[in-house]
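Raw contents of protein.tsv, TSV, N, CA and C atoms:
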chain	number	residue	atom	x	y	z
A	1	MET	N	32.45	-40.39	1.71
A	1	MET	CA	32.39	-39.26	2.61
A	1	MET	C	31.85	-38.02	1.90
A	2	LYS	N	32.14	-37.91	0.62
A	2	LYS	CA	31.65	-36.76	-0.14
A	2	LYS	C	30.13	-36.81	-0.32
A	3	LYS	N	29.59	-38.02	-0.46
A	3	LYS	CA	28.15	-38.16	-0.60
A	3	LYS	C	27.42	-37.72	0.65
A	4	ALA	N	27.96	-38.04	1.81
A	4	ALA	CA	27.34	-37.63	3.07
A	4	ALA	C	27.34	-36.11	3.20
A	5	GLU	N	28.44	-35.48	2.78
A	5	GLU	CA	28.51	-34.02	2.82
A	5	GLU	C	27.49	-33.40	1.88
A	6	LYS	N	27.33	-33.99	0.69
A	6	LYS	CA	26.36	-33.48	-0.28
A	6	LYS	C	24.94	-33.60	0.27
A	7	LYS	N	24.65	-34.74	0.93
A	7	LYS	CA	23.32	-34.93	1.52
A	7	LYS	C	23.05	-33.88	2.58
A	8	LYS	N	24.04	-33.60	3.42
A	8	LYS	CA	23.88	-32.59	4.46
A	8	LYS	C	23.64	-31.22	3.83
A	9	ARG	N	24.39	-30.92	2.78
A	9	ARG	CA	24.22	-29.63	2.11
A	9	ARG	C	22.83	-29.51	1.49
A	10	LYS	N	22.37	-30.59	0.85
A	10	LYS	CA	21.04	-30.58	0.24
A	10	LYS	C	19.97	-30.38	1.30
A	11	LYS	N	20.11	-31.10	2.42
A	11	LYS	CA	19.14	-30.99	3.49
A	11	LYS	C	19.13	-29.58	4.05
A	12	GLY	N	20.30	-29.01	4.23
A	12	GLY	CA	20.40	-27.64	4.73
A	12	GLY	C	19.78	-26.63	3.77
A	13	SER	N	20.01	-26.83	2.46
A	13	SER	CA	19.44	-25.90	1.49
A	13	SER	C	17.92	-26.03	1.42
A	14	LYS	N	17.40	-27.26	1.59
A	14	LYS	CA	15.95	-27.46	1.62
A	14	LYS	C	15.33	-26.75	2.82
A	15	GLN	N	16.02	-26.84	3.97
A	15	GLN	CA	15.51	-26.19	5.16
A	15	GLN	C	15.52	-24.68	5.00
A	16	LEU	N	16.57	-24.13	4.38
A	16	LEU	CA	16.63	-22.68	4.14
A	16	LEU	C	15.53	-22.24	3.19
A	17	THR	N	15.27	-23.06	2.16
A	17	THR	CA	14.20	-22.74	1.22
A	17	THR	C	12.86	-22.72	1.93
A	18	ALA	N	12.62	-23.69	2.80
A	18	ALA	CA	11.35	-23.75	3.54
A	18	ALA	C	11.22	-22.53	4.47
A	19	LEU	N	12.31	-22.12	5.11
A	19	LEU	CA	12.27	-20.94	5.97
A	19	LEU	C	11.97	-19.68	5.18
A	20	ARG	N	12.57	-19.57	3.99
A	20	ARG	CA	12.31	-18.40	3.15
A	20	ARG	C	10.85	-18.35	2.71
A	21	GLU	N	10.28	-19.52	2.39
A	21	GLU	CA	8.88	-19.56	1.99
A	21	GLU	C	7.98	-19.16	3.16
A	22	ASP	N	8.30	-19.62	4.37
A	22	ASP	CA	7.52	-19.25	5.55
A	22	ASP	C	7.59	-17.75	5.79
A	23	GLU	N	8.78	-17.16	5.63
A	23	GLU	CA	8.93	-15.72	5.81
A	23	GLU	C	8.09	-14.96	4.79
A	24	LYS	N	8.06	-15.47	3.56
A	24	LYS	CA	7.28	-14.82	2.50
A	24	LYS	C	5.79	-14.88	2.84
A	25	GLU	N	5.32	-16.05	3.33
A	25	GLU	CA	3.92	-16.20	3.72
A	25	GLU	C	3.57	-15.26	4.86
A	26	ASP	N	4.44	-15.19	5.86
A	26	ASP	CA	4.18	-14.31	7.00
A	26	ASP	C	4.12	-12.85	6.57
A	27	ARG	N	5.04	-12.46	5.70
A	27	ARG	CA	5.06	-11.08	5.21
A	27	ARG	C	3.78	-10.76	4.44
A	28	MET	N	3.36	-11.68	3.57
A	28	MET	CA	2.16	-11.46	2.78
A	28	MET	C	0.92	-11.39	3.68
A	29	LEU	N	0.86	-12.26	4.69
A	29	LEU	CA	-0.27	-12.26	5.61
A	29	LEU	C	-0.32	-10.95	6.41
A	30	LEU	N	0.83	-10.47	6.86
A	30	LEU	CA	0.88	-9.20	7.60
A	30	LEU	C	0.43	-8.03	6.72
A	31	GLU	N	0.85	-8.03	5.45
A	31	GLU	CA	0.42	-6.98	4.51
A	31	GLU	C	-1.09	-7.03	4.32
A	32	LEU	N	-1.63	-8.23	4.18
A	32	LEU	CA	-3.07	-8.39	3.99
A	32	LEU	C	-3.84	-7.88	5.20
A	33	VAL	N	-3.37	-8.22	6.40
A	33	VAL	CA	-4.04	-7.77	7.62
A	33	VAL	C	-3.97	-6.25	7.72
A	34	GLN	N	-2.84	-5.66	7.35
A	34	GLN	CA	-2.69	-4.20	7.41
A	34	GLN	C	-3.66	-3.52	6.44
A	35	VAL	N	-3.79	-4.05	5.24
A	35	VAL	CA	-4.71	-3.47	4.25
A	35	VAL	C	-6.16	-3.57	4.75
A	36	LEU	N	-6.52	-4.72	5.33
A	36	LEU	CA	-7.88	-4.88	5.86
A	36	LEU	C	-8.15	-3.90	7.00
A	37	GLU	N	-7.15	-3.68	7.86
A	37	GLU	CA	-7.32	-2.72	8.96
A	37	GLU	C	-7.47	-1.30	8.42
A	38	ASP	N	-6.69	-0.94	7.41
A	38	ASP	CA	-6.80	0.40	6.81
A	38	ASP	C	-8.17	0.61	6.19
A	39	LEU	N	-8.68	-0.41	5.50
A	39	LEU	CA	-10.01	-0.29	4.90
A	39	LEU	C	-11.10	-0.18	5.97
A	40	GLU	N	-10.92	-0.89	7.08
A	40	GLU	CA	-11.90	-0.82	8.17
A	40	GLU	C	-11.93	0.59	8.77
A	41	GLU	N	-10.76	1.21	8.89
A	41	GLU	CA	-10.71	2.58	9.41
A	41	GLU	C	-11.42	3.56	8.47
A	42	GLN	N	-11.39	3.27	7.18
A	42	GLN	CA	-12.06	4.12	6.20
A	42	GLN	C	-13.56	3.82	6.12
A	43	GLY	N	-14.00	2.80	6.81
A	43	GLY	CA	-15.41	2.44	6.80
A	43	GLY	C	-15.78	1.53	5.64
A	44	LYS	N	-14.80	0.92	5.00
A	44	LYS	CA	-15.04	0.01	3.88
A	44	LYS	C	-14.84	-1.42	4.36
A	45	PHE	N	-15.83	-2.27	4.12
A	45	PHE	CA	-15.78	-3.66	4.56
A	45	PHE	C	-15.74	-4.57	3.34
A	46	VAL	N	-14.82	-5.51	3.34
A	46	VAL	CA	-14.65	-6.41	2.20
A	46	VAL	C	-14.53	-7.85	2.68
A	47	ASP	N	-14.85	-8.78	1.79
A	47	ASP	CA	-14.66	-10.21	2.00
A	47	ASP	C	-13.68	-10.68	0.94
A	48	LEU	N	-12.64	-11.40	1.34
A	48	LEU	CA	-11.62	-11.87	0.41
A	48	LEU	C	-11.46	-13.37	0.51
A	49	GLN	N	-11.11	-13.98	-0.61
A	49	GLN	CA	-10.71	-15.38	-0.61
A	49	GLN	C	-9.20	-15.38	-0.69
A	50	ILE	N	-8.55	-16.18	0.16
A	50	ILE	CA	-7.09	-16.24	0.13
A	50	ILE	C	-6.62	-17.68	-0.03
A	51	CYS	N	-5.44	-17.81	-0.59
A	51	CYS	CA	-4.83	-19.12	-0.83
A	51	CYS	C	-4.41	-19.73	0.50
A	52	PRO	N	-4.78	-20.99	0.77
A	52	PRO	CA	-4.37	-21.61	2.03
A	52	PRO	C	-2.87	-21.92	2.09
A	53	LYS	N	-2.21	-21.95	0.94
A	53	LYS	CA	-0.79	-22.29	0.92
A	53	LYS	C	0.10	-21.06	1.14
A	54	CYS	N	-0.14	-19.97	0.38
A	54	CYS	CA	0.75	-18.81	0.46
A	54	CYS	C	0.08	-17.57	1.04
A	55	LYS	N	-1.20	-17.62	1.37
A	55	LYS	CA	-1.98	-16.53	1.97
A	55	LYS	C	-2.13	-15.33	1.03
A	56	SER	N	-2.07	-15.56	-0.25
A	56	SER	CA	-2.23	-14.50	-1.24
A	56	SER	C	-3.71	-14.34	-1.60
A	57	PRO	N	-4.18	-13.10	-1.82
A	57	PRO	CA	-5.57	-12.92	-2.24
A	57	PRO	C	-5.77	-13.10	-3.75
A	58	LYS	N	-4.74	-13.52	-4.47
A	58	LYS	CA	-4.83	-13.70	-5.92
A	58	LYS	C	-5.33	-15.09	-6.26
A	59	VAL	N	-6.58	-15.35	-5.90
A	59	VAL	CA	-7.22	-16.64	-6.15
A	59	VAL	C	-8.26	-16.44	-7.23
A	60	ARG	N	-8.29	-17.37	-8.20
A	60	ARG	CA	-9.28	-17.25	-9.27
A	60	ARG	C	-9.86	-18.62	-9.59
A	61	LYS	N	-11.00	-18.60	-10.27
A	61	LYS	CA	-11.64	-19.86	-10.65
A	61	LYS	C	-10.89	-20.48	-11.82
A	62	VAL	N	-10.82	-21.80	-11.83
A	62	VAL	CA	-10.21	-22.54	-12.92
A	62	VAL	C	-11.23	-22.61	-14.05
A	63	GLY	N	-10.78	-22.43	-15.26
A	63	GLY	CA	-11.68	-22.47	-16.41
A	63	GLY	C	-12.15	-23.88	-16.74
A	64	THR	N	-13.21	-23.96	-17.51
A	64	THR	CA	-13.78	-25.24	-17.89
A	64	THR	C	-12.82	-26.04	-18.75
A	65	MET	N	-12.14	-25.37	-19.65
A	65	MET	CA	-11.25	-26.06	-20.58
A	65	MET	C	-9.95	-26.50	-19.91
A	66	THR	N	-9.62	-25.95	-18.75
A	66	THR	CA	-8.37	-26.32	-18.09
A	66	THR	C	-8.58	-27.32	-16.96
A	67	GLY	N	-9.75	-27.91	-16.87
A	67	GLY	CA	-9.90	-29.01	-15.94
A	67	GLY	C	-10.98	-28.91	-14.90
A	68	ASP	N	-11.99	-28.06	-15.07
A	68	ASP	CA	-13.04	-28.00	-14.06
A	68	ASP	C	-14.43	-28.09	-14.68
A	69	LEU	N	-14.67	-29.14	-15.41
A	69	LEU	CA	-15.97	-29.32	-16.04
A	69	LEU	C	-17.06	-29.55	-15.01
A	70	TRP	N	-16.76	-30.32	-13.94
A	70	TRP	CA	-17.76	-30.62	-12.91
A	70	TRP	C	-18.18	-29.35	-12.18
A	71	GLY	N	-17.25	-28.45	-11.93
A	71	GLY	CA	-17.58	-27.20	-11.26
A	71	GLY	C	-18.39	-26.29	-12.16
A	72	HIS	N	-18.09	-26.29	-13.45
A	72	HIS	CA	-18.84	-25.46	-14.40
A	72	HIS	C	-20.28	-25.94	-14.53
A	73	MET	N	-20.48	-27.24	-14.45
A	73	MET	CA	-21.83	-27.79	-14.57
A	73	MET	C	-22.63	-27.64	-13.28
A	74	GLY	N	-21.96	-27.30	-12.19
A	74	GLY	CA	-22.65	-27.12	-10.92
A	74	GLY	C	-22.80	-28.38	-10.10
A	75	ILE	N	-22.12	-29.45	-10.51
A	75	ILE	CA	-22.20	-30.70	-9.78
A	75	ILE	C	-21.37	-30.60	-8.50
A	76	LEU	N	-20.20	-29.97	-8.60
A	76	LEU	CA	-19.30	-29.75	-7.46
A	76	LEU	C	-19.06	-28.24	-7.32
A	77	PRO	N	-18.55	-27.81	-6.17
A	77	PRO	CA	-18.17	-26.40	-6.06
A	77	PRO	C	-17.06	-26.08	-7.06
A	78	PRO	N	-16.95	-24.84	-7.50
A	78	PRO	CA	-15.92	-24.51	-8.50
A	78	PRO	C	-14.52	-24.72	-7.95
A	79	LYS	N	-13.62	-25.15	-8.83
A	79	LYS	CA	-12.23	-25.35	-8.46
A	79	LYS	C	-11.51	-24.00	-8.57
A	80	LEU	N	-10.65	-23.71	-7.61
A	80	LEU	CA	-9.93	-22.46	-7.57
A	80	LEU	C	-8.44	-22.72	-7.63
A	81	GLU	N	-7.67	-21.71	-8.10
A	81	GLU	CA	-6.23	-21.83	-8.12
A	81	GLU	C	-5.61	-20.49	-7.74
A	82	CYS	N	-4.39	-20.56	-7.23
A	82	CYS	CA	-3.67	-19.36	-6.80
A	82	CYS	C	-2.75	-18.91	-7.92
A	83	LYS	N	-2.84	-17.64	-8.29
A	83	LYS	CA	-1.97	-17.10	-9.32
A	83	LYS	C	-0.60	-16.74	-8.76
A	84	GLU	N	-0.51	-16.52	-7.46
A	84	GLU	CA	0.75	-16.10	-6.84
A	84	GLU	C	1.72	-17.27	-6.74
A	85	CYS	N	1.32	-18.34	-6.07
A	85	CYS	CA	2.25	-19.47	-5.87
A	85	CYS	C	2.15	-20.49	-7.00
A	86	GLY	N	1.01	-20.58	-7.66
A	86	GLY	CA	0.84	-21.51	-8.77
A	86	GLY	C	0.81	-22.98	-8.36
A	87	GLY	N	1.05	-23.26	-7.09
A	87	GLY	CA	1.12	-24.64	-6.65
A	87	GLY	C	-0.13	-25.12	-5.96
A	88	TRP	N	-1.10	-24.25	-5.78
A	88	TRP	CA	-2.30	-24.66	-5.08
A	88	TRP	C	-3.49	-24.67	-6.02
A	89	ARG	N	-4.25	-25.75	-5.97
A	89	ARG	CA	-5.49	-25.88	-6.74
A	89	ARG	C	-6.44	-26.71	-5.90
A	90	GLY	N	-7.63	-26.20	-5.66
A	90	GLY	CA	-8.57	-26.96	-4.85
A	90	GLY	C	-9.95	-26.35	-4.86
A	91	ARG	N	-10.88	-27.02	-4.20
A	91	ARG	CA	-12.26	-26.55	-4.16
A	91	ARG	C	-12.57	-25.79	-2.88
A	92	LEU	N	-11.72	-25.92	-1.86
A	92	LEU	CA	-11.92	-25.19	-0.61
A	92	LEU	C	-10.91	-24.06	-0.52
A	93	VAL	N	-11.37	-22.91	-0.04
A	93	VAL	CA	-10.51	-21.74	0.06
A	93	VAL	C	-10.79	-21.05	1.38
A	94	LEU	N	-9.83	-20.32	1.89
A	94	LEU	CA	-10.01	-19.55	3.12
A	94	LEU	C	-10.69	-18.23	2.80
A	95	ASN	N	-11.66	-17.87	3.59
A	95	ASN	CA	-12.31	-16.57	3.44
A	95	ASN	C	-11.89	-15.68	4.60
A	96	THR	N	-11.58	-14.44	4.30
A	96	THR	CA	-11.22	-13.48	5.33
A	96	THR	C	-12.03	-12.21	5.14
A	97	THR	N	-12.27	-11.50	6.22
A	97	THR	CA	-13.08	-10.29	6.15
A	97	THR	C	-12.63	-9.32	7.23
A	98	ASN	N	-12.99	-8.06	7.06
A	98	ASN	CA	-12.73	-7.07	8.10
A	98	ASN	C	-14.03	-6.62	8.76
A	99	ARG	N	-15.10	-7.37	8.53
A	99	ARG	CA	-16.37	-7.07	9.19
A	99	ARG	C	-16.35	-7.57	10.62
A	100	SER	N	-17.14	-6.95	11.47
A	100	SER	CA	-17.24	-7.45	12.84
A	100	SER	C	-18.10	-8.71	12.84
A	101	LEU	N	-17.80	-9.63	13.72
A	101	LEU	CA	-18.51	-10.90	13.78
A	101	LEU	C	-19.80	-10.75	14.56
A	102	SER	N	-20.85	-11.38	14.07
A	102	SER	CA	-22.12	-11.39	14.79
A	102	SER	C	-22.09	-12.50	15.84
A	103	ILE	N	-23.08	-12.53	16.69
A	103	ILE	CA	-23.16	-13.57	17.72
A	103	ILE	C	-23.31	-14.93	17.06
A	104	LYS	N	-24.04	-14.99	15.97
A	104	LYS	CA	-24.24	-16.24	15.26
A	104	LYS	C	-22.90	-16.75	14.70
A	105	ASP	N	-22.08	-15.85	14.14
A	105	ASP	CA	-20.78	-16.24	13.61
A	105	ASP	C	-19.86	-16.76	14.71
A	106	VAL	N	-19.86	-16.08	15.84
A	106	VAL	CA	-19.03	-16.51	16.96
A	106	VAL	C	-19.47	-17.88	17.47
A	107	ALA	N	-20.77	-18.10	17.53
A	107	ALA	CA	-21.28	-19.40	17.98
A	107	ALA	C	-20.88	-20.51	17.02
A	108	MET	N	-20.92	-20.23	15.71
A	108	MET	CA	-20.52	-21.23	14.72
A	108	MET	C	-19.04	-21.56	14.84
A	109	ILE	N	-18.20	-20.55	15.04
A	109	ILE	CA	-16.76	-20.77	15.18
A	109	ILE	C	-16.49	-21.58	16.45
A	110	LYS	N	-17.17	-21.23	17.51
A	110	LYS	CA	-16.99	-21.92	18.79
A	110	LYS	C	-17.37	-23.39	18.64
A	111	GLU	N	-18.49	-23.65	17.97
A	111	GLU	CA	-18.96	-25.03	17.79
A	111	GLU	C	-18.02	-25.82	16.91
A	112	SER	N	-17.50	-25.21	15.83
A	112	SER	CA	-16.65	-25.94	14.89
A	112	SER	C	-15.26	-26.22	15.47
A	113	THR	N	-14.80	-25.41	16.39
A	113	THR	CA	-13.48	-25.66	16.99
A	113	THR	C	-13.55	-26.54	18.21
A	114	GLY	N	-14.74	-26.88	18.67
A	114	GLY	CA	-14.90	-27.77	19.81
A	114	GLY	C	-14.69	-27.07	21.14
A	115	LEU	N	-14.93	-25.78	21.20
A	115	LEU	CA	-14.75	-25.03	22.44
A	115	LEU	C	-16.02	-24.94	23.27
A	116	ASP	N	-17.03	-25.75	22.92
A	116	ASP	CA	-18.27	-25.74	23.70
A	116	ASP	C	-17.99	-26.22	25.10
A	117	GLU	N	-18.68	-25.61	26.04
A	117	GLU	CA	-18.51	-26.00	27.43
A	117	GLU	C	-19.25	-27.33	27.66
A	118	ALA	N	-18.59	-28.22	28.34
A	118	ALA	CA	-19.18	-29.53	28.57
A	118	ALA	C	-20.11	-29.54	29.75
Represent the supplied structure as structure tokens.
Amino acid sequence: MKKAEKKKRKKGSKQLTALREDEKEDRMLLELVQVLEDLEEQGKFVDLQICPKCKSPKVRKVGTMTGDLWGHMGILPPKLECKECGGWRGRLVLNTTNRSLSIKDVAMIKESTGLDEA
């Protein structure tokens, strides 16, 4: 009976940890959106790369000596890692901007999401 209680407690603590991580991601994303809006009001436009896991803009390229020889040689796109969460490493990253979208950009987004009219 004690083992079942321990399992329930572990499961509950894992769920609380996941909720806390989600809250942290949401908070960081809201801060990022607010900063981008403030810069847009000032007339400054920026493009940022953000981590797909924690939504932090602290993304950097992985060095050649730490495991990205193919990216350094130009065979593959460079590998990136997040300094904030430390748990994400990959070749694809989310790009965000506060620039207005052109008609071409909107058409590309529409096509990639499958919202074309049949």
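From CA of Glu31 in chain A back to CA of Arg99 in chain A, the distance works out to 17.4 Å.
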| Non-local contacts of Thr66 in chain A (12 Å; only C-alpha atoms; under 3 positions in same chain excluded) as a ChimeraX atom specification | /A:61-63,69-72,79-81,89
| request: Determine which residues of range 20-117 of chain A DSSP labels as strand (DSSP E or B) from the backbone of this structure, then write them out as a list in words. | output: Asp47, Leu48, Gln49, Ile50, Val59, Arg60, Lys61, Leu80, Glu81, Cys82, Arg89, Gly90, Leu94, Asn95, Thr96 and Thr97 of chain A
Extending 5 Å beyond the listed atoms of range 104-116 of chain A on each side, what axis-aligned box results? I want centre and edge lengths in Å to one decimal, as JSON.
{"center_x": -18.9, "center_y": -21.4, "center_z": 19.4, "size_x": 20.8, "size_y": 22.8, "size_z": 21.5}
| query | Using all atoms listed in the file, which of the listed residues (A:Gln49, A:Thr113, A:Ser102, A:Thr97) sits closest to Glu37 in chain A? | reply | A:Thr97
| field | Best match for closeness to Cys51 in chain A among A:Leu92, A:Asn98, A:Gly114, A:Asp105, counting all atoms listed in the file | value |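 Of the candidates, the smallest distance to Cys51 in chain A is held by A:Leu92.
The smallest atom-to-atom distance between Cys85 in chain A and any of A:Ser56, A:Asp38, A:Met65, A:Leu48, using only C-alpha atoms, is found for A:Ser56.
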| said: When DSSP is applied to the backbone of this structure, which of range 37-99 of chain A are assigned helix (DSSP H, G or I)? Write them out as a ChimeraX atom specification. | reply: /A:37-41,69-73
| request: Return the single residue from A:Ile109, A:Thr64, A:Lys53, A:Gly74 that is closest to Gly87 in chain A, with distances computed using all atoms listed in the file. | output: A:Lys53
| request: Tell me, in Å to one decimal, how far CA of Glu111 in chain A is from CA of Asn95 in chain A. | output: 17.9 Å
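Candidate residues A:Phe45, A:Val106, A:Ile75, A:Glu84 were compared for distance to Val59 in chain A, and the nearest is A:Glu84, using all atoms listed in the file.
Nearest-residue note for Thr96 in chain A: choosing from A:Val46, A:Met28, A:Asp68, A:Pro57, the minimum distance belongs to A:Val46, counting only N, CA and C atoms.
Interatomic distance, CA of Pro78 in chain A against CA of Lys58 in chain A: 15.7 Å.
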